[in-house]
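Report on one structure; see the data block that follows.
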Amino acid sequence: MPAIVLAALLWGTTGTAATLLPGDVSPLATGAATMGVGGLLLALTAPRATVAVLRGGASAWRRILPGALAVAAYPLAFYSSMSLAGVAVGNVVALGTAPVFAALLERFVVTRGTGRPLDRRWALSAGAAVLGVVLLVGGGAGHGAAVAGPLGTTTGADADLLAGIALGLLAGLAYAVYTDTAGRLMRDGHPSRGSMAAQFGVGALLLLPVLLLTGAPLLQSTASVGVAAYLALGPMFVAYLAFGRGLRTVTGSRATTVTLLEPVVATLLAVLVVGERLSPLGWLGVALVLAGVVAVAVARPGRSRLESRA
């Protein structure tokens with residue numbers, strides 16, 4: 001669990017760091033550079049473990065392929081969401097809904113007869129997170145200085161906010177998918193480093209065309225290169241090494257719920273550093289999301305009914 005907390009704290013700095021990029025750097029370029037470069041580093045620094053997983057046959061690729069597609073989709077949706085809706089809302093929506101998606105994947109998208117039942121505690125926690133997201137939408141958020149880029153050029157328009165929330169939901173689903181597939185690779189007997197590196201390496205290859213098409217502005221100043229390097233090395237490379245280590249002992253739904261610490265950090269930084277503002281209703285939404293994560297984090301993981309029958 002401490003490793004997952006470390007990952008969440010590093011991830012919480014991504015939105016604020018991205019606001020330091022020049023205005024002509026698009027959120028697509030930011031996302032592609034972050035996960036593309038970071039994913040390749042994960043694969044290249046663990047070549048044997050990565051190749052071993054990639055050579056795992058059809059059973060391994062049934063995990064790797066959807067995981068890699070989700071890895072490629074996540075940063076594009078996540079950074080675009082923050083560009084449109086603001087750092088605080090983009091983080092809370094993406095990370096607030098990820099535990100819901102993760103638990104549904106654990107329950108339904110599994111080999112028949114092995115799904116995890118959804119208990120009452122999880123349902124209440126998920127309900128709190130969803131209600132929090134709804135309050136964020138209804139209360140709105142002062143965008144302040146959103147992530148730089150052409151997708152966020154309008155100032156707080158309702159259409160931008162709704163589009164940003166929709167992209168945040170897509171990011172939450174993608175995050176849940178690659179968390180789930182990485183966990184399944186580990187449960188199939190693959191090491192955590194190789195499991196994460198394999199799907200992130202393949203996902204990075206999918207992101208390279210996006211980076212080639214949109215990434216030129218990143219190279220126009222030393223500051224841009226420095227911010228991009230931090231995003232690739234800290235919130236991507238180091239954070240996902242820690243996250244993979246934590247997934248060895250924590251289920252995907254619990255891991256994604258604990259990482260709701262990320263939007264807490266992101267929201268505080270957005271307000272204190274970036275200058276964004278949340279309405280009272282928005283703050284209530286954040287509080288409800290946090291209540292959900294605390295309820296799951298302090299719960300003792302019990303065995304499912306299916307496990308208890310074994």
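Just so we're on the same page: first chain in the structure tokens is A, next is B, and so on; residues restart at 1 for each chain, and ligands are numbered from 1 in the order they show up.
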
May I have the residues within 10 Å of Leu268 (chain A) as an mmCIF file with N, CA, C and O atoms, in the first residue's frame, using only C-alpha atoms and disregarding those fewer than 6 positions away in the same chain?
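Produced file out21.cif, reproduced below:
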```cif
data_model
loop_
_atom_site.group_PDB
_atom_site.id
_atom_site.type_symbol
_atom_site.label_atom_id
_atom_site.label_comp_id
_atom_site.auth_asym_id
_atom_site.auth_seq_id
_atom_site.Cartn_x
_atom_site.Cartn_y
_atom_site.Cartn_z
ATOM 1 N N GLY A 12 -0.284 13.226 -8.654
ATOM 2 C CA GLY A 12 -1.010 14.450 -8.320
ATOM 3 C C GLY A 12 -0.332 15.717 -8.791
ATOM 4 O O GLY A 12 -0.961 16.777 -8.844
ATOM 5 N N THR A 13 0.950 15.632 -9.151
ATOM 6 C CA THR A 13 1.677 16.819 -9.611
ATOM 7 C C THR A 13 1.581 17.032 -11.120
ATOM 8 O O THR A 13 2.040 18.058 -11.632
ATOM 9 N N THR A 16 -0.469 20.322 -12.517
ATOM 10 C CA THR A 16 0.211 21.581 -12.241
ATOM 11 C C THR A 16 1.491 21.699 -13.066
ATOM 12 O O THR A 16 1.806 22.771 -13.599
ATOM 13 N N VAL A 87 -7.596 21.509 -14.080
ATOM 14 C CA VAL A 87 -6.783 20.487 -13.414
ATOM 15 C C VAL A 87 -7.581 19.755 -12.344
ATOM 16 O O VAL A 87 -7.564 18.525 -12.255
ATOM 17 N N ALA A 88 -8.295 20.494 -11.518
ATOM 18 C CA ALA A 88 -9.011 19.880 -10.404
ATOM 19 C C ALA A 88 -10.110 18.943 -10.887
ATOM 20 O O ALA A 88 -10.178 17.775 -10.493
ATOM 21 N N VAL A 274 -1.935 27.060 -9.301
ATOM 22 C CA VAL A 274 -2.423 27.425 -10.623
ATOM 23 C C VAL A 274 -3.424 28.571 -10.559
ATOM 24 O O VAL A 274 -3.565 29.340 -11.504
ATOM 25 N N GLY A 275 -4.149 28.695 -9.439
ATOM 26 C CA GLY A 275 -5.125 29.767 -9.315
ATOM 27 C C GLY A 275 -6.527 29.366 -9.699
ATOM 28 O O GLY A 275 -7.383 30.230 -9.923
ATOM 29 N N GLU A 276 -6.810 28.063 -9.781
ATOM 30 C CA GLU A 276 -8.169 27.630 -10.062
ATOM 31 C C GLU A 276 -9.046 27.833 -8.826
ATOM 32 O O GLU A 276 -8.552 27.965 -7.709
#
```

Skip region 44-59 of chain A itself and residues of its chain fewer than 5 positions away, then list as number ranges by chain all residues within 7 Å of it, counting only C-alpha atoms. A: 190, 193-195, 197-198

Could you save those same residues with N, CA and C atoms as a CSV table (one decimal), in the first residue's frame?
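And here is the file that came out, again-v6.csv:
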```
chain,number,residue,atom,x,y,z
A,190,HIS,N,3.5,-13.8,-13.9
A,190,HIS,CA,4.6,-12.9,-14.4
A,190,HIS,C,5.0,-11.9,-13.4
A,193,ARG,N,7.4,-6.1,-12.5
A,193,ARG,CA,8.2,-5.2,-13.4
A,193,ARG,C,7.9,-5.5,-14.9
A,194,GLY,N,8.0,-6.8,-15.2
A,194,GLY,CA,7.7,-7.2,-16.6
A,194,GLY,C,6.3,-7.0,-17.0
A,195,SER,N,5.3,-7.2,-16.1
A,195,SER,CA,3.9,-7.0,-16.5
A,195,SER,C,3.6,-5.6,-16.8
A,197,ALA,N,6.0,-3.3,-17.6
A,197,ALA,CA,6.8,-2.8,-18.7
A,197,ALA,C,6.3,-3.3,-20.1
A,198,ALA,N,5.8,-4.5,-20.1
A,198,ALA,CA,5.3,-5.1,-21.4
A,198,ALA,C,4.1,-4.3,-22.0
```

Among the residues A:Ala182, A:Leu84, A:Val227, A:Thr14, the one that comes closest to Ala60 (chain A) [using only C-alpha atoms]: A:Ala182

Report, in Å to a single decimal, how far apart CA of Ala7 (chain A) and CA of Gly132 (chain A) are.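 Interatomic distance, CA of Gly132 (chain A) to CA of Ala7 (chain A): 22.8 Å.
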
Using only C-alpha atoms, tabulate the residues of region 166-190 of chain A lying at most 12 Å from any atom of region 233-244 of chain A, each with its closest atom pair and that distance in Å to one decimal, by chain and increasing residue number, as JSON lines.
```
{"residue": "A:Tyr175", "atom": "CA", "partner": "A:Tyr240", "partner_atom": "CA", "distance": 11.9}
{"residue": "A:Tyr178", "atom": "CA", "partner": "A:Gly244", "partner_atom": "CA", "distance": 11.0}
{"residue": "A:Thr179", "atom": "CA", "partner": "A:Gly244", "partner_atom": "CA", "distance": 8.8}
{"residue": "A:Asp180", "atom": "CA", "partner": "A:Gly244", "partner_atom": "CA", "distance": 11.2}
{"residue": "A:Thr181", "atom": "CA", "partner": "A:Gly244", "partner_atom": "CA", "distance": 11.4}
{"residue": "A:Ala182", "atom": "CA", "partner": "A:Gly244", "partner_atom": "CA", "distance": 7.8}
{"residue": "A:Gly183", "atom": "CA", "partner": "A:Gly244", "partner_atom": "CA", "distance": 8.3}
{"residue": "A:Arg184", "atom": "CA", "partner": "A:Gly244", "partner_atom": "CA", "distance": 11.7}
{"residue": "A:Leu185", "atom": "CA", "partner": "A:Gly244", "partner_atom": "CA", "distance": 10.9}
{"residue": "A:Met186", "atom": "CA", "partner": "A:Gly244", "partner_atom": "CA", "distance": 9.2}
{"residue": "A:His190", "atom": "CA", "partner": "A:Gly244", "partner_atom": "CA", "distance": 11.6}
```

Env of Ser80 (chain A): 8 Å cut, atoms = only C-alpha atoms, seq-sep filter 6 positions within chain, self excluded. Answer as a PDB file with N, CA and C atoms, in the first residue's frame.
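Output (out-v9.pdb):
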```pdb
ATOM      1  N   PRO A  27      -2.369  19.318 -25.309  1.00  0.00           N
ATOM      2  CA  PRO A  27      -2.476  18.234 -24.316  1.00  0.00           C
ATOM      3  C   PRO A  27      -2.205  16.868 -24.933  1.00  0.00           C
ATOM      4  N   LEU A  28      -2.456  16.702 -26.237  1.00  0.00           N
ATOM      5  CA  LEU A  28      -2.137  15.433 -26.890  1.00  0.00           C
ATOM      6  C   LEU A  28      -0.633  15.204 -26.900  1.00  0.00           C
ATOM      7  N   LEU A 151      -7.167  22.923 -27.073  1.00  0.00           N
ATOM      8  CA  LEU A 151      -8.452  22.376 -26.661  1.00  0.00           C
ATOM      9  C   LEU A 151      -9.058  23.185 -25.522  1.00  0.00           C
ATOM     10  N   GLY A 164     -14.805  17.958 -21.216  1.00  0.00           N
ATOM     11  CA  GLY A 164     -13.715  17.582 -20.334  1.00  0.00           C
ATOM     12  C   GLY A 164     -14.110  16.474 -19.374  1.00  0.00           C
ATOM     13  N   LEU A 167     -14.216  13.183 -21.302  1.00  0.00           N
ATOM     14  CA  LEU A 167     -12.868  12.666 -21.503  1.00  0.00           C
ATOM     15  C   LEU A 167     -12.276  12.147 -20.189  1.00  0.00           C
TER      16      LEU A 167
END
```

Expressed in Å to a single decimal, how great is the separation between CA of Ala43 (chain A) and CA of Phe200 (chain A)?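 Going from CA of Ala43 (chain A) over to CA of Phe200 (chain A) covers 7.2 Å.
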
For Gly285 (chain A), the nearest of the candidates A:Leu40, A:Ala70, A:Leu269, A:Ala128, counting only C-alpha atoms: A:Ala128

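Pairwise distance (CA of Arg121 (chain A), CA of Thr97 (chain A)) equals 16.0 Å.
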
Residues within 12 Å of Val92 (chain A), only C-alpha atoms, excluding chain neighbours under 2 positions, as a PDB file with C-alpha atoms, in the first residue's frame:
```pdb
ATOM      1  CA  GLY A  12      -1.010  14.450  -8.320  1.00  0.00           C
ATOM      2  CA  GLY A  15      -1.660  18.754 -13.923  1.00  0.00           C
ATOM      3  CA  PHE A  78      -6.544  12.664 -19.255  1.00  0.00           C
ATOM      4  CA  SER A  81      -9.776  16.506 -19.909  1.00  0.00           C
ATOM      5  CA  MET A  82      -7.667  18.817 -17.752  1.00  0.00           C
ATOM      6  CA  ALA A  85     -12.354  21.209 -17.543  1.00  0.00           C
ATOM      7  CA  GLY A  86      -9.383  22.339 -15.460  1.00  0.00           C
ATOM      8  CA  VAL A  87      -6.783  20.487 -13.414  1.00  0.00           C
ATOM      9  CA  ALA A  88      -9.011  19.880 -10.404  1.00  0.00           C
ATOM     10  CA  VAL A  89     -12.116  18.631 -12.218  1.00  0.00           C
ATOM     11  CA  GLY A  90     -10.161  16.577 -14.752  1.00  0.00           C
ATOM     12  CA  ALA A  94     -10.832  10.525 -14.027  1.00  0.00           C
ATOM     13  CA  LEU A  95      -9.595   9.201 -10.696  1.00  0.00           C
ATOM     14  CA  GLY A  96     -12.967   9.345  -8.939  1.00  0.00           C
ATOM     15  CA  THR A  97     -14.603   7.031 -11.465  1.00  0.00           C
ATOM     16  CA  ALA A  98     -11.659   4.647 -11.971  1.00  0.00           C
ATOM     17  CA  PRO A  99     -12.477   2.545  -8.856  1.00  0.00           C
ATOM     18  CA  ALA A 129     -17.576   8.971  -5.610  1.00  0.00           C
ATOM     19  CA  VAL A 130     -20.178   9.148  -8.371  1.00  0.00           C
ATOM     20  CA  LEU A 131     -22.270  11.661  -6.419  1.00  0.00           C
ATOM     21  CA  GLY A 132     -19.141  13.724  -5.891  1.00  0.00           C
ATOM     22  CA  VAL A 133     -18.516  13.813  -9.625  1.00  0.00           C
ATOM     23  CA  VAL A 134     -22.148  14.851 -10.235  1.00  0.00           C
ATOM     24  CA  LEU A 135     -21.764  17.706  -7.741  1.00  0.00           C
ATOM     25  CA  LEU A 136     -18.602  18.813  -9.493  1.00  0.00           C
ATOM     26  CA  VAL A 137     -20.532  18.959 -12.745  1.00  0.00           C
ATOM     27  CA  ALA A 141     -15.371  24.881 -11.218  1.00  0.00           C
ATOM     28  CA  GLY A 164     -13.715  17.582 -20.334  1.00  0.00           C
ATOM     29  CA  ILE A 165     -15.814  15.492 -17.967  1.00  0.00           C
ATOM     30  CA  LEU A 167     -12.868  12.666 -21.503  1.00  0.00           C
ATOM     31  CA  GLY A 168     -12.209  12.287 -17.777  1.00  0.00           C
ATOM     32  CA  LEU A 169     -14.618   9.342 -17.713  1.00  0.00           C
ATOM     33  CA  ALA A 171      -9.483   8.267 -18.819  1.00  0.00           C
ATOM     34  CA  GLY A 172     -10.957   6.645 -15.710  1.00  0.00           C
ATOM     35  CA  THR A 257      -9.541   3.733  -4.916  1.00  0.00           C
ATOM     36  CA  THR A 259      -4.998   6.473  -5.732  1.00  0.00           C
ATOM     37  CA  LEU A 260      -7.867   8.920  -5.298  1.00  0.00           C
ATOM     38  CA  LEU A 261      -5.243  10.651  -3.176  1.00  0.00           C
ATOM     39  CA  GLU A 262      -4.014  11.945  -6.539  1.00  0.00           C
ATOM     40  CA  PRO A 263      -6.946  14.322  -7.170  1.00  0.00           C
ATOM     41  CA  VAL A 264      -6.604  15.585  -3.595  1.00  0.00           C
ATOM     42  CA  VAL A 265      -3.018  16.620  -4.299  1.00  0.00           C
ATOM     43  CA  ALA A 266      -3.958  17.864  -7.769  1.00  0.00           C
ATOM     44  CA  THR A 267      -6.866  19.938  -6.451  1.00  0.00           C
ATOM     45  CA  LEU A 268      -4.786  21.555  -3.714  1.00  0.00           C
ATOM     46  CA  ALA A 270      -4.544  23.674  -8.722  1.00  0.00           C
ATOM     47  CA  LEU A 278     -13.908  25.479  -6.873  1.00  0.00           C
ATOM     48  CA  GLY A 282     -17.465  21.518  -6.031  1.00  0.00           C
ATOM     49  CA  TRP A 283     -15.621  21.227  -2.720  1.00  0.00           C
ATOM     50  CA  GLY A 285     -18.010  16.865  -4.430  1.00  0.00           C
ATOM     51  CA  VAL A 286     -14.300  16.509  -3.671  1.00  0.00           C
ATOM     52  CA  ALA A 287     -15.134  15.651  -0.046  1.00  0.00           C
ATOM     53  CA  LEU A 288     -17.538  12.905  -1.133  1.00  0.00           C
ATOM     54  CA  VAL A 289     -14.921  11.389  -3.426  1.00  0.00           C
ATOM     55  CA  LEU A 290     -12.461  11.408  -0.526  1.00  0.00           C
ATOM     56  CA  VAL A 293     -11.595   6.385  -0.874  1.00  0.00           C
TER      57      VAL A 293
END
```

Using only C-alpha atoms, which residue out of A:Leu173, A:Ala77, A:Ala159, A:Leu206 lies closest to Leu105 (chain A)?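 Result for the nearest residue to Leu105 (chain A): A:Leu173.
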